[in-house]
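Engineer: Just dropping this structure here.
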Amino acid sequence: MLRHIVLFRRKPELAKDEALEQALADRMAALGARIPAIAGWKFAPNELERPPVTWDYVLEAEVDDAGALDAYLSHPQHQALVTDLKPYFEWAAVDYTA
């Protein structure tokens with residue numbers, strides 16, 4: 001099993017847009033059920049503020065292997081979401097074998 005962890009936060013130069021952020025978060029939460037390569041999916045908002053080390057959201061995905069991760073990353077629904085996330089969020093990712 002390969003785990004794909006991504007942390008998201010609003011770009012610091014942007015004002016918070018509650019409606020946009022909620023729409024993007026809802027799309028991220030739902031994406032795991034729409035892509036066959038995903039074996040497990042968790043998406044959650046940060047619950048405690050400890051600036052500057054905290055991020056706004058975490059995504060934890062499980063896939064069978066690197067090929068499944070590539071299938072997820074290149075999936076059209078994932079690519080469409082990434083296009084919409086880029087103007088509002090920055091992110092950091094880590095992939096590791098569980």
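Labeling convention for the structure tokens: chains A, B, ... as they appear, residues from 1 per chain, ligands from 1 in order of appearance.
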Could you list, as a ChimeraX atom specification, every residue within 9 Å of Ile35 of chain A, counting only C-alpha atoms and ignoring same-chain residues fewer than 2 positions away?
Structural biologist: /A:31-33,37-38,71-72,75,77-78
Engineer: Could you please write out, as a list in words, every residue of segment 14-94 of chain A that DSSP assigns to strand (DSSP E or B)?
Structural biologist: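 DSSP on the backbone gives strand (DSSP E or B) at Gly40, Trp41, Lys42, Phe43, Ala44, Pro45, Tyr57, Val58, Leu59, Glu60, Ala61, Glu62, Val63, Phe89, Glu90, Trp91, Ala92, Ala93 and Val94 of chain A.
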Engineer: Just the residues within 10 Å of segment 46-51 of chain A, please, counting only C-alpha atoms, with nothing from its chain fewer than 3 positions along; format it as a list in words.
Structural biologist: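 Neighbouring residues, sequence-local ones excluded: Leu7, Phe8, Arg9, Phe43, Thr54, Trp55, Asp56, Tyr57 and Val58 of chain A.
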Engineer: Restricting the calculation to only C-alpha atoms: of A:Ala66, A:Leu85, A:Ala61, A:Leu73, which residue gets closest to Leu20 of chain A?
Structural biologist: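 Checking each of A:Ala66, A:Leu85, A:Ala61, A:Leu73 against Leu20 of chain A, counting only C-alpha atoms, the winner is A:Leu85.
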Engineer: Quick check for you: according to DSSP on this backbone, which residues of chain A are classed as alpha helix (DSSP H)? Reply as an NGL selection string.
Structural biologist: :A and (18-31 or 66-74 or 76-85)
Engineer: What's the separation between atom CA of Ala25 of chain A and atom CA of Gly40 of chain A, in Å to one decimal place?
Structural biologist: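 Computing the Euclidean distance for atom CA of Ala25 of chain A and atom CA of Gly40 of chain A yields 17.3 Å.
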Engineer: Hey, can you check how far atom CA of Thr83 of chain A sits from atom CA of Pro52 of chain A?
Structural biologist: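 Spanning atom CA of Thr83 of chain A to atom CA of Pro52 of chain A is a straight-line distance of 25.8 Å.
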Engineer: I need the residue nearest Glu60 of chain A from this list: A:Glu21, A:Val82, A:Ala93, A:Tyr88. Use only C-alpha atoms for the distance.
Structural biologist: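 Nearest candidate to Glu60 of chain A out of A:Glu21, A:Val82, A:Ala93, A:Tyr88: A:Ala93.
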Engineer: Just how far from atom CA of Pro45 of chain A is atom CA of Leu2 of chain A, in Å to one decimal?
Structural biologist: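 Separating atom CA of Leu2 of chain A from atom CA of Pro45 of chain A is a distance of 22.2 Å.
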Engineer: Which residue is closest to Asp95 of chain A? Choose from A:Lys16, A:Arg3, A:Lys11, A:Lys42 and count only C-alpha atoms.
Structural biologist: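 Distance minimum relative to Asp95 of chain A lands on A:Arg3.
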Engineer: Which one of A:Asp17, A:Val6, A:Leu24, A:Met1 sits closest to Ala39 of chain A if you count only C-alpha atoms?
Structural biologist: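 The shortest atom-to-atom distance to Ala39 of chain A comes from A:Met1.
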